[in-house]
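First up is the structure itself, then whatever we jot down about it.
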Amino acid sequence: MSAQTTSTKVFEYNPTALQGDDPLHGELMELNMGPQHPATHGVLRIKVVLDGETMKEIEPVVGYLHRGKEKTCESLGWRKFFPHTDRLDYVQPLMNNCAYAIALEQLGGVPVPERGQIIRVMLMEMSRIAAHLIYLGTTAIDLGAVTMFFFTFKERETIYTFLDAYTGHRMNNTYVRIGGVYADVNEDVGREIEKWCDHFLGAVDEYEKMLTGNRIWYDRNHNIGIVSKELALAWSLTGPNLRGSGFEWDLRKQQPYSSYERFNFEIPVGTTGDCYDRYLVRVEEMRQSTRIIQQAVKLLRDTRGGEFLADDRRYVLPPKGKVHTSMEELIHQFKIVTDMALPKGEAYGAVESSKGELGFYVVSDGTSHPLRCHIRAPGLMNVQAIPVVMRDRLFSDTVSIIGSLDFVMGEVDR
């Protein structure tokens, strides 16, 4: 392939400066990784200029999965957009539900009952574990550790069972509502969750036995894709990618929401900021999430019989039984379903998702449709750091780096 400068600005790279006396040195190759490559974790295309095995210029090309979700929110209205939040980061839909609900609750001044808050926390932490299991299993299989993929997905299937018991769906749950959650479950599910938590802590230990001391895993991740604390902050990285670089920032601690201030847990941080640190942070986060879930189950037992959904007929649908017997409740339902308006103003609701800070910025003009909806997608921030992190690394390092940055293209493209 001839070494020519293309019209794309990012590839303005002059090979003659490298040519020297060696006719082979400086011969560049332009290569596409994706958008169908399984290791890109979604429909992502990465243009790479290679000098031998070394990457000199990198350009992530996004947009293949763009569906216009923000404009969809503005056209559908406040309430009807909830199912669409599931389709953003589709490996953790409940976190998307909660972030959107928090923004709307701020606008409407809707308090969430204690039991509803605790259920949200428990299911968000289950979603965090499920998302980290996706990272661990897929990154491991991309690097050759096939067994780990089956181990992690076995536990993810169990989480799906619990989510199904609460929400009625394994994925795309649409379980959260303004003012709380859609439904409650009996205590038998809580007892099964407690049993699973005890088992899962042992499973995480097994993961570490297979990977943490594994020479191949260590060599493919240690000192690869280093992101300094300053670089992480400059590129707006959050979540495990920021904490892996040694900066302790977690919205659950710094800006608590959904009653997280009631829970005891630690925030793991790294030191070097390489792929290996990001791996260790996520492994420990799974343990800490399990710890939160165990506390949540106990709190749900203490709040047995409590309300899980606010009793606010401006925004919350009345129970079906009352709708069938009361004209007033029927009118409330009709108004909420067809023309639910939120007060004029603006609000920003954010949660600490598995990828980082996931936020919804909404502006209301007092009508049933948002004037503006913007989603702060942490995955997009992770993708934009790819050129900086990959430059001058070997092409074989792309799999480790992409996996460790951890993004889902449904959220990136929206």
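Residues in the structure tokens are named by chain (A, B, ... in the order shown) and by number from 1 within that chain; ligands are numbered from 1 in the order shown.
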
*Could you name the residues that touch region 64-75 of chain A at 6 Å or less, counting only C-alpha atoms, but leaving out those on the same chain fewer than 4 positions away, as a count of residues only?*
7

_Residues within 10 Å of Thr338 (chain A), please, as a PyMOL selection string. Count only C-alpha atoms; anything in the same chain fewer than 4 positions from it doesn't count._
chain A and resi 77+79-80+333-334+368

Take the selection from the previous step and output its residues with C-alpha atoms, as a compact mmCIF listing (two decimals), in the first residue's frame.
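So result09.txt came out as:
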# COMPACT_ATOMS: atom_id res chain seq x y z
CA GLY A 77 -42.72 13.69 25.74
CA ARG A 79 -43.29 9.87 30.15
CA LYS A 80 -43.10 8.00 26.86
CA GLN A 333 -54.72 8.47 34.50
CA PHE A 334 -55.99 10.05 31.30
CA SER A 368 -45.83 17.91 28.10

Sorted per-residue table, region 129-190 of chain A near region 316-326 of chain A, closest atoms and distance, 9 Å, only C-alpha atoms, as CSV:
residue,atom,partner,partner_atom,distance
A:Arg177,CA,A:Val316,CA,7.9
A:Ile178,CA,A:Val316,CA,6.7
A:Gly179,CA,A:Val316,CA,7.0

Could you save those same residues with N, CA and C atoms as a compact mmCIF listing (two decimals), in the first residue's frame?
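Contents of part12.txt, freshly written:
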# COMPACT_ATOMS: atom_id res chain seq x y z
N ARG A 177 -40.07 4.47 37.53
CA ARG A 177 -41.07 5.48 37.20
C ARG A 177 -40.74 6.78 37.94
N ILE A 178 -41.35 7.87 37.52
CA ILE A 178 -41.24 9.10 38.29
C ILE A 178 -41.84 8.83 39.67
N GLY A 179 -41.04 9.02 40.70
CA GLY A 179 -41.54 8.81 42.06
C GLY A 179 -41.26 7.45 42.65

*Which residue out of A:Tyr257, A:Thr290, A:Thr158, A:Pro240 has the minimum interatomic distance to Gly270 (chain A) when only C-alpha atoms are used?*
A:Pro240

*Using DSSP on the backbone coordinates, identify the residues of region 123-333 of chain A assigned to strand (DSSP E); present them as number ranges by chain.*
A: 176-177, 180-181

Keeping only N, CA and C atoms, take the residues you just selected and write them out as a PDB file, in the first residue's frame.
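Everything below was put into selection27.pdb:
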ATOM      1  N   VAL A 176     -38.332   1.635  36.264  1.00  0.00           N
ATOM      2  CA  VAL A 176     -38.348   2.833  37.103  1.00  0.00           C
ATOM      3  C   VAL A 176     -39.413   3.804  36.599  1.00  0.00           C
ATOM      4  N   ARG A 177     -40.072   4.468  37.531  1.00  0.00           N
ATOM      5  CA  ARG A 177     -41.070   5.477  37.201  1.00  0.00           C
ATOM      6  C   ARG A 177     -40.741   6.777  37.941  1.00  0.00           C
ATOM      7  N   GLY A 180     -40.501   6.599  41.945  1.00  0.00           N
ATOM      8  CA  GLY A 180     -40.184   5.290  42.533  1.00  0.00           C
ATOM      9  C   GLY A 180     -39.993   4.215  41.486  1.00  0.00           C
ATOM     10  N   VAL A 181     -40.581   3.047  41.761  1.00  0.00           N
ATOM     11  CA  VAL A 181     -40.477   1.918  40.846  1.00  0.00           C
ATOM     12  C   VAL A 181     -41.869   1.353  40.586  1.00  0.00           C
TER      13      VAL A 181
END

*Mind checking which residues fall within 10 Å of His41 (chain A), counting only C-alpha atoms, ignoring those fewer than 3 positions away in the same chain, and posting them as a list in words?*
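In the requested format, the answer is Gly34, Pro35, Gln36, His37, Pro38, Leu44, Tyr135, Thr138, Thr139, Val399, Ile402, Gly403, Asp406, Phe407, Val408 and Met409 of chain A.
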
_Close residues, region 92-94 of chain A itself excluded, 8 Å, only C-alpha atoms, min 5 positions apart in chain, as a PyMOL selection string_ = chain A and resi 85-87+123-124+127-128+130-131+171-176+354

*How many Å separate CA of Trp249 (chain A) from CA of Leu233 (chain A)?*
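Distance reported for this atom pair: 10.7 Å.
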
*Can you tell me, as a list in words, what residues are no more than 8 Å from Met340 (chain A) when counting only C-alpha atoms, ignoring any on the same chain fewer than 2 positions away?*
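In the requested format, the answer is Trp78, Arg79, Arg314, Tyr315, Lys335, Ile336, Val337, Thr338, Leu342, Thr367 and Ser368 of chain A.
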
*Shortest interatomic distance to Gly359 (chain A) - which of A:Ile375, A:Val281, A:Leu107, A:Ala183, counting only C-alpha atoms*: A:Ile375

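The gap separating CA of Ala101 (chain A) from CA of Tyr361 (chain A) is 11.3 Å, in Å to one decimal.
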